[in-house]
Structures are given as structure tokens and as C-alpha cells.
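Okay, target-v4.cif now, which holds mmCIF, C-alpha atoms:
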data_work
#
loop_
_atom_site.group_PDB
_atom_site.id
_atom_site.type_symbol
_atom_site.label_atom_id
_atom_site.label_comp_id
_atom_site.auth_asym_id
_atom_site.auth_seq_id
_atom_site.Cartn_x
_atom_site.Cartn_y
_atom_site.Cartn_z
ATOM 1 C CA MET I 1 108.558 115.031 63.839
ATOM 2 C CA PRO I 2 107.848 112.422 66.566
ATOM 3 C CA MET I 3 104.292 111.217 67.153
ATOM 4 C CA PRO I 4 102.651 112.482 70.349
ATOM 5 C CA LEU I 5 102.316 109.921 73.123
ATOM 6 C CA ARG I 6 98.893 108.548 73.899
ATOM 7 C CA MET I 7 97.611 108.240 77.438
ATOM 8 C CA LYS I 8 95.564 105.227 78.462
ATOM 9 C CA ASP I 9 93.289 105.484 81.490
ATOM 10 C CA THR I 10 90.817 102.664 80.715
ATOM 11 C CA THR I 11 88.108 104.371 82.764
ATOM 12 C CA PRO I 12 85.585 103.116 81.775
ATOM 13 C CA LEU I 13 86.441 100.478 79.223
ATOM 14 C CA SER I 14 83.978 101.768 76.647
ATOM 15 C CA ARG I 15 85.781 105.136 76.345
ATOM 16 C CA ALA I 16 89.196 103.570 75.968
ATOM 17 C CA PHE I 17 88.172 100.814 73.553
ATOM 18 C CA GLY I 18 88.735 102.936 70.463
ATOM 19 C CA LEU I 19 92.216 103.921 71.619
ATOM 20 C CA ALA I 20 93.060 100.316 72.467
ATOM 21 C CA ALA I 21 91.991 99.134 69.021
ATOM 22 C CA ALA I 22 94.167 101.809 67.415
ATOM 23 C CA GLY I 23 97.077 100.834 69.668
ATOM 24 C CA ALA I 24 96.671 97.150 68.866
ATOM 25 C CA LEU I 25 96.657 97.978 65.152
ATOM 26 C CA ALA I 26 99.764 100.143 65.548
ATOM 27 C CA LEU I 27 101.481 97.401 67.552
ATOM 28 C CA GLY I 28 100.641 94.902 64.821
ATOM 29 C CA LEU I 29 101.995 97.197 62.105
ATOM 30 C CA VAL I 30 105.201 97.808 64.067
ATOM 31 C CA ALA I 31 105.614 94.069 64.582
ATOM 32 C CA MET I 32 105.288 93.558 60.822
ATOM 33 C CA VAL I 33 107.880 96.232 60.004
ATOM 34 C CA PHE I 34 110.355 95.362 62.766
ATOM 35 C CA ASP I 35 110.933 91.838 63.970
ATOM 36 C CA VAL I 36 110.141 92.355 67.677
ATOM 37 C CA ARG I 37 109.733 88.660 68.395
ATOM 38 C CA PRO I 38 112.163 87.140 70.891
ATOM 39 C CA HIS I 39 114.820 84.947 69.321
ATOM 40 C CA ALA I 40 116.054 81.470 70.242
ATOM 41 C CA ALA I 41 119.081 82.983 72.016
ATOM 42 C CA HIS I 42 116.778 83.772 74.927
ATOM 43 C CA ALA I 43 116.206 80.126 75.887
ATOM 44 C CA ALA I 44 116.583 80.938 79.593
ATOM 45 C CA ASP I 45 113.646 83.346 79.432
ATOM 46 C CA SER I 46 110.271 82.158 80.654
ATOM 47 C CA GLU I 47 107.581 80.972 78.314
ATOM 48 C CA ALA I 48 105.601 79.518 81.214
ATOM 49 C CA SER I 49 101.860 79.854 81.424
ATOM 50 C CA SER I 50 100.222 83.254 81.766
ATOM 51 C CA TYR I 51 99.579 84.918 85.116
ATOM 52 C CA TRP I 52 97.981 88.102 86.457
ATOM 53 C CA VAL I 53 99.750 91.232 87.708
ATOM 54 C CA SER I 54 98.711 94.756 88.675
ATOM 55 C CA LEU I 55 100.339 98.052 87.794
ATOM 56 C CA ARG I 56 102.382 99.440 90.695
ATOM 57 C CA ASN I 57 102.502 103.091 89.604
ATOM 58 C CA SER I 58 100.026 105.694 88.443
ATOM 59 C CA GLN I 59 102.145 106.250 85.328
ATOM 60 C CA THR I 60 103.679 103.300 83.481
ATOM 61 C CA ASN I 61 104.989 102.976 79.924
ATOM 62 C CA MET I 62 104.102 100.103 77.608
ATOM 63 C CA ARG I 63 106.613 99.650 74.796
ATOM 64 C CA VAL I 64 106.428 97.838 71.467
ATOM 65 C CA GLY I 65 109.477 95.730 72.367
ATOM 66 C CA PRO I 66 111.439 94.519 75.404
ATOM 67 C CA GLY I 67 113.905 97.379 75.846
ATOM 68 C CA ARG I 68 114.157 101.091 76.563
ATOM 69 C CA ASP I 69 115.142 101.719 72.932
ATOM 70 C CA TYR I 70 111.705 100.598 71.727
ATOM 71 C CA ARG I 71 108.995 103.184 71.130
ATOM 72 C CA ILE I 72 106.415 103.798 73.875
ATOM 73 C CA ASN I 73 103.026 102.635 72.634
ATOM 74 C CA TRP I 74 100.899 103.518 75.677
ATOM 75 C CA ILE I 75 101.316 105.401 78.920
ATOM 76 C CA TYR I 76 99.053 103.934 81.588
ATOM 77 C CA VAL I 77 97.837 106.382 84.207
ATOM 78 C CA ARG I 78 96.013 104.058 86.587
ATOM 79 C CA ALA I 79 97.771 102.214 89.403
ATOM 80 C CA GLY I 80 96.232 98.840 90.220
ATOM 81 C CA LEU I 81 95.113 98.097 86.660
ATOM 82 C CA PRO I 82 95.119 94.301 86.170
ATOM 83 C CA LEU I 83 97.249 92.947 83.325
ATOM 84 C CA LYS I 84 97.843 89.463 81.962
ATOM 85 C CA VAL I 85 101.514 88.484 81.589
ATOM 86 C CA LEU I 86 102.018 86.419 78.456
ATOM 87 C CA ARG I 87 105.791 85.918 78.701
ATOM 88 C CA GLU I 88 108.964 87.159 80.406
ATOM 89 C CA MET I 89 112.240 88.147 78.806
ATOM 90 C CA GLY I 90 115.315 89.685 80.424
ATOM 91 C CA GLY I 91 113.579 91.799 83.085
ATOM 92 C CA TRP I 92 110.639 92.634 80.805
ATOM 93 C CA VAL I 93 107.139 91.175 80.605
ATOM 94 C CA LEU I 94 104.835 91.021 77.593
ATOM 95 C CA VAL I 95 101.435 92.029 78.943
ATOM 96 C CA GLU I 96 97.868 92.304 77.711
ATOM 97 C CA ASP I 97 95.490 94.911 79.143
ATOM 98 C CA PRO I 98 91.694 94.625 79.598
ATOM 99 C CA ASP I 99 91.131 96.121 76.125
ATOM 100 C CA GLY I 100 93.391 93.539 74.465
ATOM 101 C CA ALA I 101 96.339 95.875 73.800
ATOM 102 C CA ARG I 102 99.694 94.095 74.111
ATOM 103 C CA GLY I 103 103.170 95.403 74.786
ATOM 104 C CA TRP I 104 106.243 95.211 76.990
ATOM 105 C CA MET I 105 106.833 96.624 80.491
ATOM 106 C CA LEU I 106 109.702 96.430 82.916
ATOM 107 C CA THR I 107 108.959 93.861 85.636
ATOM 108 C CA GLN I 108 109.603 96.496 88.332
ATOM 109 C CA PHE I 109 106.393 98.297 87.289
ATOM 110 C CA VAL I 110 104.065 95.335 87.892
ATOM 111 C CA SER I 111 103.199 93.372 91.015
ATOM 112 C CA ARG I 112 102.038 89.797 91.474
ATOM 113 C CA LYS I 113 101.232 90.419 95.148
ATOM 114 C CA ALA I 114 98.532 93.072 94.739
ATOM 115 C CA HIS I 115 96.089 90.974 92.731
ATOM 116 C CA THR I 116 93.325 93.096 91.262
ATOM 117 C CA ALA I 117 90.507 92.564 88.780
ATOM 118 C CA MET I 118 88.356 94.954 86.770
ATOM 119 C CA VAL I 119 84.591 94.875 86.350
ATOM 120 C CA ARG I 120 83.934 93.910 82.718
ATOM 121 C CA ASP I 121 81.211 95.210 80.408
ATOM 122 C CA ALA I 122 78.157 95.437 82.668
ATOM 123 C CA ILE I 123 77.308 96.567 86.183
ATOM 124 C CA ALA I 124 78.319 93.853 88.662
ATOM 125 C CA GLU I 125 76.332 93.065 91.791
ATOM 126 C CA ILE I 126 78.385 92.755 94.967
ATOM 127 C CA ARG I 127 76.741 90.125 97.178
ATOM 128 C CA GLU I 128 76.870 89.316 100.862
ATOM 129 C CA ASN I 129 77.731 85.588 100.721
ATOM 130 C CA ARG I 130 80.404 83.492 99.022
ATOM 131 C CA ASP I 131 77.854 81.585 96.911
ATOM 132 C CA GLY I 132 76.171 84.746 95.636
ATOM 133 C CA SER I 133 73.246 84.424 97.983
ATOM 134 C CA GLY I 134 72.235 86.970 100.553
ATOM 135 C CA ARG I 135 71.466 90.581 99.979
ATOM 136 C CA MET I 136 73.048 92.732 97.330
ATOM 137 C CA LEU I 137 75.422 95.128 99.085
ATOM 138 C CA TRP I 138 76.067 97.476 96.165
ATOM 139 C CA ARG I 139 76.804 97.580 92.435
ATOM 140 C CA ALA I 140 80.077 98.270 90.666
ATOM 141 C CA GLU I 141 80.240 99.938 87.257
ATOM 142 C CA PRO I 142 82.367 98.671 84.367
ATOM 143 C CA GLY I 143 85.962 99.799 84.784
ATOM 144 C CA VAL I 144 85.945 99.650 88.595
ATOM 145 C CA ILE I 145 89.063 97.957 89.969
ATOM 146 C CA ALA I 146 88.638 95.570 92.882
ATOM 147 C CA ARG I 147 91.335 94.015 95.040
ATOM 148 C CA LEU I 148 90.869 90.245 95.210
ATOM 149 C CA THR I 149 91.131 89.215 98.854
ATOM 150 C CA GLY I 150 91.085 85.452 98.337
ATOM 151 C CA ASP I 151 90.644 82.714 95.800
ATOM 152 C CA CYS I 152 87.565 82.563 93.634
ATOM 153 C CA ASN I 153 85.431 79.614 94.687
ATOM 154 C CA VAL I 154 82.437 78.162 92.867
ATOM 155 C CA GLY I 155 82.379 81.099 90.447
ATOM 156 C CA TRP I 156 82.404 83.877 93.107
ATOM 157 C CA CYS I 157 85.327 86.045 94.212
ATOM 158 C CA LYS I 158 85.807 87.940 97.455
ATOM 159 C CA VAL I 159 86.650 91.551 96.630
ATOM 160 C CA ASP I 160 87.534 94.766 98.392
ATOM 161 C CA ILE I 161 86.629 98.011 96.647
ATOM 162 C CA ASP I 162 87.795 101.028 98.621
ATOM 163 C CA GLY I 163 87.279 99.225 101.940
ATOM 164 C CA ARG I 164 83.915 97.694 101.037
ATOM 165 C CA GLN I 165 83.952 93.912 100.907
ATOM 166 C CA GLY I 166 81.660 91.405 99.304
ATOM 167 C CA PHE I 167 81.451 88.724 96.637
ATOM 168 C CA VAL I 168 81.158 89.227 92.893
ATOM 169 C CA ARG I 169 80.597 86.695 90.127
ATOM 170 C CA GLU I 170 83.955 85.638 88.672
ATOM 171 C CA SER I 171 82.668 85.995 85.098
ATOM 172 C CA ALA I 172 81.963 89.701 85.753
ATOM 173 C CA LEU I 173 85.684 90.369 86.382
ATOM 174 C CA TRP I 174 88.655 90.645 84.039
ATOM 175 C CA GLY I 175 91.701 89.372 85.908
ATOM 176 C CA ALA I 176 90.030 86.894 88.240
ATOM 177 C CA ALA I 177 89.791 83.627 86.280
ATOM 178 C CA LYS I 178 92.794 81.529 85.292
ATOM 179 C CA PRO I 179 94.578 83.406 82.490
#
Go through the file and emit its structure as C-alpha cells.
Amino acid sequence: MPMPLRMKDTTPLSRAFGLAAAGALALGLVAMVFDVRPHAAHAADSEASSYWVSLRNSQTNMRVGPGRDYRINWIYVRAGLPLKVLREMGGWVLVEDPDGARGWMLTQFVSRKAHTAMVRDAIAEIRENRDGSGRMLWRAEPGVIARLTGDCNVGWCKVDIDGRQGFVRESALWGAAKP
């Protein structure tokens, strides 16, 4: 009898942490049983440095290996979720989510253009000025996804959250700093 699929919303991070830990353990056990590591025959595939992407769709599968024949480990149900790409291989990317779960997705389901970041573990203050000075405009809870509207300078990032713009400390965001 096949195992039921698990959904992963990551809203907020604290609720999804237990599921992510279980998924990471399962991924590790699968990797031990089946050799899912890429082989030397894939020399043309990229092992360049990591970079950030965002999920394009509101439902995206993460698999334990780079192919449709591999088991689905997670089903993400949140468009815009930031992910870290660790490597590329034949139209697939190995990604890591904000909870640390790793797996493979087709490149067509992620976007480098729509750069997003997620508020980490504590409430983040959204400030008026680029250096963090000025009045506090509002606060964002952990798990809130913000669209980055420019580069992060001097530890502060310009963000847009549902049309509201301001600056948030780079350290408060997962997906903003260099991966």
C-alpha cells in the first residue's frame, strides 16, 4: 500500500518544522537505501554556487531524486516560497526550503526573476528608511513572504508585502543574504 503524500505549507515555520524534520529524515533514509547522488557522467551539469529561486505555482512537487520516476517527498502549496538551489542536473534543481528539507524539482516550477524572502523566527519590523531609521511602518510575522524589490544594502532590504513597501533587516529574512 503506498504511503499518503504529505502537504507542506510552511505557514508559519513553527507548525511545519516537525514535518520538515520528518521529511529530512525520510530523505536521508532514502538516500542511504538508494544511491540518488548524481554520477560523474553528468559533467555538463552545473555545480556552480547556490542561488535563490521562488516557487511559481501554488502546488509543486519535491522529489527524492532528479526524475519523474522518483517518489514525491513533499507537495508545496504556497506560490512564492523562497528556495535555495544547491545544484542543477538535466532540467532539475536540488533545492532546500526554509525548514532545511532538501529535494529535487523541475526547473520550470521555480523562478529566479521573482525573488522573494521569508520572515524567519521572530516578528520583523518594517522600517521607513534604507538604513533602518525612521518610523516603523508595520510588523511582519514569521512565515510572511516578501518580494525583494532591490538589493540588500548595509544589512537592510527593500521589500514589498502585498503592496506595502519598506525596509527590513536582512538577518530577519530567509532568502535575502548570499546563499
Could you tell me which residues the PyMOL selection byres ((chain I and resi 85) around 7) grabs in this file, written as a count of residues only? 12
Could the centre and edge lengths of an axis-aligned box, enclosing all atoms of range 90-102 of chain I in the file with 8 Å extra on each side, be given in Å to one decimal as lines of an AutoDock Vina configuration file?
center_x = 103.2
center_y = 92.9
center_z = 78.4
size_x = 40.2
size_y = 22.4
size_z = 25.3
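With CA of Trp104 in chain I on one side and CA of Leu55 in chain I on the other, the separation reads 12.6 Å.
Pairwise distance (CA of Ser49 in chain I, CA of Arg169 in chain I) equals 24.0 Å.
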Name the residues captured by the PyMOL selection byres ((chain I and resi 123-133) around 10) when it is applied to the shown file; answer as a VMD selection string. chain I and resid 119 to 122 134 to 144 152 to 161 164 to 173
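Going from CA of Ser58 in chain I to CA of Ile145 in chain I covers 13.5 Å.
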Residue by residue, what does the PyMOL selection byres ((chain I and resi 63) around 10) grab here? Present the result as a PyMOL selection string. chain I and resi 27+60-62+64-75+94+102-106
Would you export the selected residues with C-alpha atoms as a compact mmCIF listing (two decimals), in the frame of the given file, please?
# COMPACT_ATOMS: atom_id res chain seq x y z
CA LEU I 27 101.48 97.40 67.55
CA THR I 60 103.68 103.30 83.48
CA ASN I 61 104.99 102.98 79.92
CA MET I 62 104.10 100.10 77.61
CA VAL I 64 106.43 97.84 71.47
CA GLY I 65 109.48 95.73 72.37
CA PRO I 66 111.44 94.52 75.40
CA GLY I 67 113.90 97.38 75.85
CA ARG I 68 114.16 101.09 76.56
CA ASP I 69 115.14 101.72 72.93
CA TYR I 70 111.70 100.60 71.73
CA ARG I 71 109.00 103.18 71.13
CA ILE I 72 106.42 103.80 73.88
CA ASN I 73 103.03 102.64 72.63
CA TRP I 74 100.90 103.52 75.68
CA ILE I 75 101.32 105.40 78.92
CA LEU I 94 104.84 91.02 77.59
CA ARG I 102 99.69 94.10 74.11
CA GLY I 103 103.17 95.40 74.79
CA TRP I 104 106.24 95.21 76.99
CA MET I 105 106.83 96.62 80.49
CA LEU I 106 109.70 96.43 82.92
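Residues in contact with Pro98 in chain I at 8 Å, where all atoms listed in the file are counted and same-chain residues fewer than 6 positions away are skipped, are listed as Leu13, Pro82, Leu83, Met118 and Trp174 of chain I.
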